[in-house]
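Visitor: Structure below; questions to follow.
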Amino acid sequence: MENIALVVGATGITGSNLAQELISEGWTTYGLARNPNSNIEGLIPVKADLLDVENLTEALQNISPTHLFFTTWMRNDTEEENIKINSALVRNLLNVLSPKKSIQHVALVTGLKHYLGPFEAYAKAGSLPETPLREEQPRLKYPNFYYAQEDAVYEAAERDNFTWSIHRPHTVIGYAVGNLMNMGTTLAIYASICKETGRKFIFPGSSAQWNGLSDVTDARVLAKQLIWASTTEAAKNQAFNIANGDVFRWKWLWEKMADYFQIEFEGFENEIRPLEKELQNDHTLWEEIAEKYDLKENNLSKISSAWHTDLDLGRPIEVMTDMAKSRKLGFTTFQSTLDSFTDLFEKLKKEKLIP
Ligand SMILES: NC(=O)c1ccc[n+]([C@@H]2O[C@H](COP(=O)([O-])OP(=O)(O)OC[C@H]3O[C@@H](n4cnc5c(N)ncnc54)[C@H](OP(=O)(O)O)[C@@H]3O)[C@@H](O)[C@H]2O)c1
């Protein structure tokens with residue numbers, strides 16, 4: 001039977017890379033977002049708001065996906081609201097699709113906040129988990145929108161008899177424009193500003209992150225794991241960590257990045273120096289840089305997400321994930337982390353998003 005994918009959040013960092021991979025593997029692929037227009041050849045756009053059930057029902061009227069890839073979230077001020085809104089996104093969609101009885105598998109992307117806690121209690125002293133993070137670790141006592149999204153999937157799976165998989169990436173590195181959290185692009189923008197002004201490329205994080213081991217998740221590797229779990233019997237009804245497969249220290253990677261951009265850098269010194277503060281007065285400067293080099297996006301707030309980079313690099317512990325579980329079941333995709341960053345930087349240049 002033909003595989004028909006519905007990628008939910010198809011213009012995001014996870015969704016757009018997944019859509020590309022699905023199309024290259026020959027899947028019929030629909031891409032849902034509120035503004036679904038993208039340059040991905042072969043992707044069939046579905047314009048719908050997951051919070052508007054009537055609109056969603058109408059948009060999906062003639063579409064009966066076999067595989068659902070849920071790669072979206074909305075940022076709210078409190079975790080209570082995050083839970084309410086983000087579980088509604090999942091539940092609304094699964095309710096709308098339920099009568100069609102077409103769904104065979106639902107893959108849900110969450111992340112390491114599963115282990116580290118929600119934004120409000122993120123990696124705070126007193127609740128620090130043991131690393132490397134392992135899928136078997138129990139849920140934390142804090143309410144968390146990831147748990148609420150998982151529960152919405154489990155309930156619907158029971159009702160509608162489909163299989164599921166949960167995917168927990170570390171920081172996702174990959175190409176997307178204007179999405180909510182994008183550390184790779186944010187660092188590229190910061191480095192470009194340093195290059196233009198002669199400012200030093202200052203590591204914005206903690207001593208633990210500068211010195212400790214880390215890993216990240218290339219969006220292309222995440223895409224491959226999503227497809228693997230959705231089509232591999234042994235992987236059904238399980239949760240998986242997903243990271244590139246190598247480990248690194250930021251003090252090593254930071255210097256490599258500075259070399260790539262040919263700029264001077266400064267590592268961790270005495271205290272955290274947040275990137276959000278470092279970039280706060282650079283909005284006009286970025287407009288000028290964009291004009292000078294004929295770049296496509298001159299709005300610094302849209303193209304960068306310093307708050308998120310600060311959150312990840314400011315953690316008081318080293319963070320890395322154990323990959324043994326999916327490896328043992330046959331998922332062997334590996335990606336060099338340095339290449340994840342330099343491939344992204346090359347793409348950003350080619351697409352005229354950085355000079
Ligand atoms: N980015 C990271 O570094 C990272 C790391 C670890 C875990 N995660 C997790 O991965 C999951 C996916 O996040 P992401 O970073 O890939 O997302 P993202 O890049 O911010 O993309 C979100 C996508 O969802 C769409 N969307 C948002 N609200 C919608 C709505 N109401 N109705 C329909 N579509 C909507 C957006 O397009 P429109 O705005 O056009 O609707 C966009 O296509 C999240 O759970 C996130 O926490 C992300």
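Scheme for the structure tokens: letters A, B, ... for chains in order shown; per-chain residue numbers from 1; ligand numbers from 1 in order shown.
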Using only C-alpha atoms, find each residue in region 104-221 of chain A having at least one atom no more than 9 Å away from region 282-292 of chain A; report its shortest atom-to-atom pair and that distance in Å (one decimal), rows by chain then rising number, as CSV.
Guide:
```
residue,atom,partner,partner_atom,distance
A:Ile189,CA,A:Trp286,CA,8.7
A:Ser192,CA,A:Ile289,CA,8.9
A:Ile193,CA,A:Trp286,CA,7.4
A:Glu196,CA,A:Ile289,CA,7.9
```
Visitor: Create the file for the chosen residues now, containing N, CA and C atoms and written as a PDB file, in the first residue's frame.
Guide:
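out_25.pdb, freshly written:
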```pdb
ATOM      1  N   ILE A 189      24.444  34.040  12.522  1.00  0.00           N
ATOM      2  CA  ILE A 189      24.119  35.474  12.476  1.00  0.00           C
ATOM      3  C   ILE A 189      25.075  36.236  13.411  1.00  0.00           C
ATOM      4  N   SER A 192      28.472  36.404  11.937  1.00  0.00           N
ATOM      5  CA  SER A 192      28.503  37.351  10.807  1.00  0.00           C
ATOM      6  C   SER A 192      28.585  38.790  11.324  1.00  0.00           C
ATOM      7  N   ILE A 193      27.878  39.057  12.422  1.00  0.00           N
ATOM      8  CA  ILE A 193      27.932  40.393  13.040  1.00  0.00           C
ATOM      9  C   ILE A 193      29.354  40.651  13.560  1.00  0.00           C
ATOM     10  N   GLU A 196      31.657  41.424  10.682  1.00  0.00           N
ATOM     11  CA  GLU A 196      31.423  42.744  10.086  1.00  0.00           C
ATOM     12  C   GLU A 196      31.974  43.864  10.969  1.00  0.00           C
TER      13      GLU A 196
END
```
Visitor: For the helix (DSSP H, G or I) assignment from backbone DSSP, which residues of region 46-261 of chain A qualify? Please present them as number ranges by chain.
Guide: A: 53-59, 79-100, 113-116, 119-121, 145-160, 183-197, 207-211, 219-231, 233-235, 250-261
Visitor: Let me have all residues with an atom within 6 Å of ligand 1, counting only C-alpha atoms and all ligand atoms, laid out as an MDAnalysis selection string.
Guide: chainID A and resid 9:15 33:36 48:51 71:74 109:111 169:172 179:182
Visitor: Keeping N, CA and C atoms for every residue in the selection just given, could you write it to a file as a PDB file, in the first residue's frame?
Guide:
```
ATOM      1  N   GLY A   9       3.676  20.831  10.757  1.00  0.00           N
ATOM      2  CA  GLY A   9       4.747  21.776  11.094  1.00  0.00           C
ATOM      3  C   GLY A   9       5.808  21.736   9.995  1.00  0.00           C
ATOM      4  N   ALA A  10       5.338  21.692   8.761  1.00  0.00           N
ATOM      5  CA  ALA A  10       6.220  21.360   7.623  1.00  0.00           C
ATOM      6  C   ALA A  10       7.204  22.461   7.243  1.00  0.00           C
ATOM      7  N   THR A  11       7.027  23.667   7.784  1.00  0.00           N
ATOM      8  CA  THR A  11       7.998  24.722   7.459  1.00  0.00           C
ATOM      9  C   THR A  11       9.023  24.897   8.573  1.00  0.00           C
ATOM     10  N   GLY A  12       8.896  24.119   9.646  1.00  0.00           N
ATOM     11  CA  GLY A  12       9.803  24.254  10.784  1.00  0.00           C
ATOM     12  C   GLY A  12      11.133  23.570  10.532  1.00  0.00           C
ATOM     13  N   ILE A  13      12.010  23.643  11.514  1.00  0.00           N
ATOM     14  CA  ILE A  13      13.359  23.081  11.358  1.00  0.00           C
ATOM     15  C   ILE A  13      13.291  21.557  11.244  1.00  0.00           C
ATOM     16  N   THR A  14      12.416  20.925  12.007  1.00  0.00           N
ATOM     17  CA  THR A  14      12.279  19.473  11.917  1.00  0.00           C
ATOM     18  C   THR A  14      11.447  19.099  10.697  1.00  0.00           C
ATOM     19  N   GLY A  15      10.284  19.741  10.577  1.00  0.00           N
ATOM     20  CA  GLY A  15       9.327  19.364   9.537  1.00  0.00           C
ATOM     21  C   GLY A  15       9.851  19.552   8.124  1.00  0.00           C
ATOM     22  N   ALA A  33       0.907  23.583   7.796  1.00  0.00           N
ATOM     23  CA  ALA A  33       1.311  24.722   8.639  1.00  0.00           C
ATOM     24  C   ALA A  33       0.268  25.822   8.411  1.00  0.00           C
ATOM     25  N   ARG A  34       0.338  26.869   9.230  1.00  0.00           N
ATOM     26  CA  ARG A  34      -0.602  27.979   9.001  1.00  0.00           C
ATOM     27  C   ARG A  34      -0.219  28.727   7.721  1.00  0.00           C
ATOM     28  N   ASN A  35       1.086  28.830   7.482  1.00  0.00           N
ATOM     29  CA  ASN A  35       1.586  29.399   6.210  1.00  0.00           C
ATOM     30  C   ASN A  35       2.497  28.354   5.572  1.00  0.00           C
ATOM     31  N   PRO A  36       1.905  27.419   4.846  1.00  0.00           N
ATOM     32  CA  PRO A  36       2.661  26.228   4.432  1.00  0.00           C
ATOM     33  C   PRO A  36       3.543  26.421   3.199  1.00  0.00           C
ATOM     34  N   ALA A  48      -3.548  25.095   7.361  1.00  0.00           N
ATOM     35  CA  ALA A  48      -4.520  24.902   8.442  1.00  0.00           C
ATOM     36  C   ALA A  48      -3.922  25.322   9.770  1.00  0.00           C
ATOM     37  N   ASP A  49      -4.808  25.762  10.667  1.00  0.00           N
ATOM     38  CA  ASP A  49      -4.398  26.087  12.033  1.00  0.00           C
ATOM     39  C   ASP A  49      -4.889  24.960  12.941  1.00  0.00           C
ATOM     40  N   LEU A  50      -3.959  24.303  13.609  1.00  0.00           N
ATOM     41  CA  LEU A  50      -4.316  23.154  14.460  1.00  0.00           C
ATOM     42  C   LEU A  50      -5.224  23.550  15.622  1.00  0.00           C
ATOM     43  N   LEU A  51      -5.291  24.832  15.918  1.00  0.00           N
ATOM     44  CA  LEU A  51      -6.154  25.268  17.023  1.00  0.00           C
ATOM     45  C   LEU A  51      -7.577  25.558  16.544  1.00  0.00           C
ATOM     46  N   THR A  71       5.538  17.502  14.182  1.00  0.00           N
ATOM     47  CA  THR A  71       6.773  18.260  14.434  1.00  0.00           C
ATOM     48  C   THR A  71       6.453  19.728  14.676  1.00  0.00           C
ATOM     49  N   THR A  72       5.560  19.974  15.608  1.00  0.00           N
ATOM     50  CA  THR A  72       5.213  21.363  15.868  1.00  0.00           C
ATOM     51  C   THR A  72       4.979  21.628  17.346  1.00  0.00           C
ATOM     52  N   TRP A  73       5.071  22.888  17.693  1.00  0.00           N
ATOM     53  CA  TRP A  73       4.743  23.315  19.048  1.00  0.00           C
ATOM     54  C   TRP A  73       4.504  24.821  18.994  1.00  0.00           C
ATOM     55  N   MET A  74       3.878  25.364  20.030  1.00  0.00           N
ATOM     56  CA  MET A  74       3.691  26.813  20.131  1.00  0.00           C
ATOM     57  C   MET A  74       4.212  27.269  21.487  1.00  0.00           C
ATOM     58  N   VAL A 109       7.574  14.290  17.732  1.00  0.00           N
ATOM     59  CA  VAL A 109       8.878  14.831  18.124  1.00  0.00           C
ATOM     60  C   VAL A 109       8.713  15.677  19.375  1.00  0.00           C
ATOM     61  N   THR A 110       9.430  15.308  20.439  1.00  0.00           N
ATOM     62  CA  THR A 110       9.471  16.156  21.644  1.00  0.00           C
ATOM     63  C   THR A 110      10.915  16.601  21.823  1.00  0.00           C
ATOM     64  N   GLY A 111      11.567  16.302  22.942  1.00  0.00           N
ATOM     65  CA  GLY A 111      12.959  16.741  23.092  1.00  0.00           C
ATOM     66  C   GLY A 111      13.497  16.455  24.476  1.00  0.00           C
ATOM     67  N   PRO A 169      15.034  14.694  20.373  1.00  0.00           N
ATOM     68  CA  PRO A 169      16.307  15.266  19.927  1.00  0.00           C
ATOM     69  C   PRO A 169      16.920  16.176  20.982  1.00  0.00           C
ATOM     70  N   HIS A 170      18.241  16.349  20.884  1.00  0.00           N
ATOM     71  CA  HIS A 170      18.928  17.417  21.620  1.00  0.00           C
ATOM     72  C   HIS A 170      18.741  18.675  20.758  1.00  0.00           C
ATOM     73  N   THR A 171      19.533  19.713  20.945  1.00  0.00           N
ATOM     74  CA  THR A 171      19.409  20.922  20.130  1.00  0.00           C
ATOM     75  C   THR A 171      19.436  20.536  18.645  1.00  0.00           C
ATOM     76  N   VAL A 172      18.419  20.996  17.908  1.00  0.00           N
ATOM     77  CA  VAL A 172      18.329  20.612  16.494  1.00  0.00           C
ATOM     78  C   VAL A 172      19.097  21.627  15.644  1.00  0.00           C
ATOM     79  N   ASN A 179      11.935  30.165  12.174  1.00  0.00           N
ATOM     80  CA  ASN A 179      11.289  29.234  13.125  1.00  0.00           C
ATOM     81  C   ASN A 179      11.641  29.640  14.562  1.00  0.00           C
ATOM     82  N   LEU A 180      11.026  28.949  15.537  1.00  0.00           N
ATOM     83  CA  LEU A 180      11.114  29.438  16.921  1.00  0.00           C
ATOM     84  C   LEU A 180      12.485  29.249  17.570  1.00  0.00           C
ATOM     85  N   MET A 181      13.112  28.085  17.333  1.00  0.00           N
ATOM     86  CA  MET A 181      14.395  27.805  18.014  1.00  0.00           C
ATOM     87  C   MET A 181      15.381  27.290  16.975  1.00  0.00           C
ATOM     88  N   ASN A 182      16.461  28.033  16.743  1.00  0.00           N
ATOM     89  CA  ASN A 182      17.423  27.611  15.732  1.00  0.00           C
ATOM     90  C   ASN A 182      18.822  28.068  16.145  1.00  0.00           C
TER      91      ASN A 182
END
```
Visitor: Quick check, in Å to one decimal: how far apart do CA of Leu93 (chain A) and CA of Leu108 (chain A) lie?
Guide: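 Taking CA of Leu93 (chain A) and CA of Leu108 (chain A), their separation equals 12.4 Å.
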Visitor: For region 127-131 of chain A, list every protein, DNA or RNA residue within 8 Å, evaluated using only C-alpha atoms, and leave out those in the same chain fewer than 5 positions away; present the list as a VMD selection string.
Guide: chain A and resid 115 to 116 317 to 321
Visitor: Kindly save the residues from that selection, with N, CA and C atoms included, as an mmCIF file, in the first residue's frame.
Guide:
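part.cif, freshly written:
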```cif
data_model
loop_
_atom_site.group_PDB
_atom_site.id
_atom_site.type_symbol
_atom_site.label_atom_id
_atom_site.label_comp_id
_atom_site.auth_asym_id
_atom_site.auth_seq_id
_atom_site.Cartn_x
_atom_site.Cartn_y
_atom_site.Cartn_z
ATOM 1 N N TYR A 115 13.619 15.164 29.943
ATOM 2 C CA TYR A 115 14.499 14.759 31.059
ATOM 3 C C TYR A 115 14.949 15.952 31.911
ATOM 4 N N LEU A 116 15.024 17.133 31.247
ATOM 5 C CA LEU A 116 15.637 18.295 31.911
ATOM 6 C C LEU A 116 14.602 19.217 32.542
ATOM 7 N N ILE A 317 24.985 21.782 33.734
ATOM 8 C CA ILE A 317 25.623 20.453 33.615
ATOM 9 C C ILE A 317 25.954 20.185 32.156
ATOM 10 N N GLU A 318 26.859 19.230 31.941
ATOM 11 C CA GLU A 318 27.048 18.782 30.559
ATOM 12 C C GLU A 318 25.865 17.901 30.213
ATOM 13 N N VAL A 319 25.443 17.974 28.939
ATOM 14 C CA VAL A 319 24.253 17.223 28.534
ATOM 15 C C VAL A 319 24.556 16.426 27.274
ATOM 16 N N MET A 320 24.378 15.126 27.367
ATOM 17 C CA MET A 320 24.444 14.316 26.154
ATOM 18 C C MET A 320 23.514 13.118 26.326
ATOM 19 N N THR A 321 23.203 12.517 25.179
ATOM 20 C CA THR A 321 22.159 11.499 25.170
ATOM 21 C C THR A 321 22.734 10.132 24.841
#
```
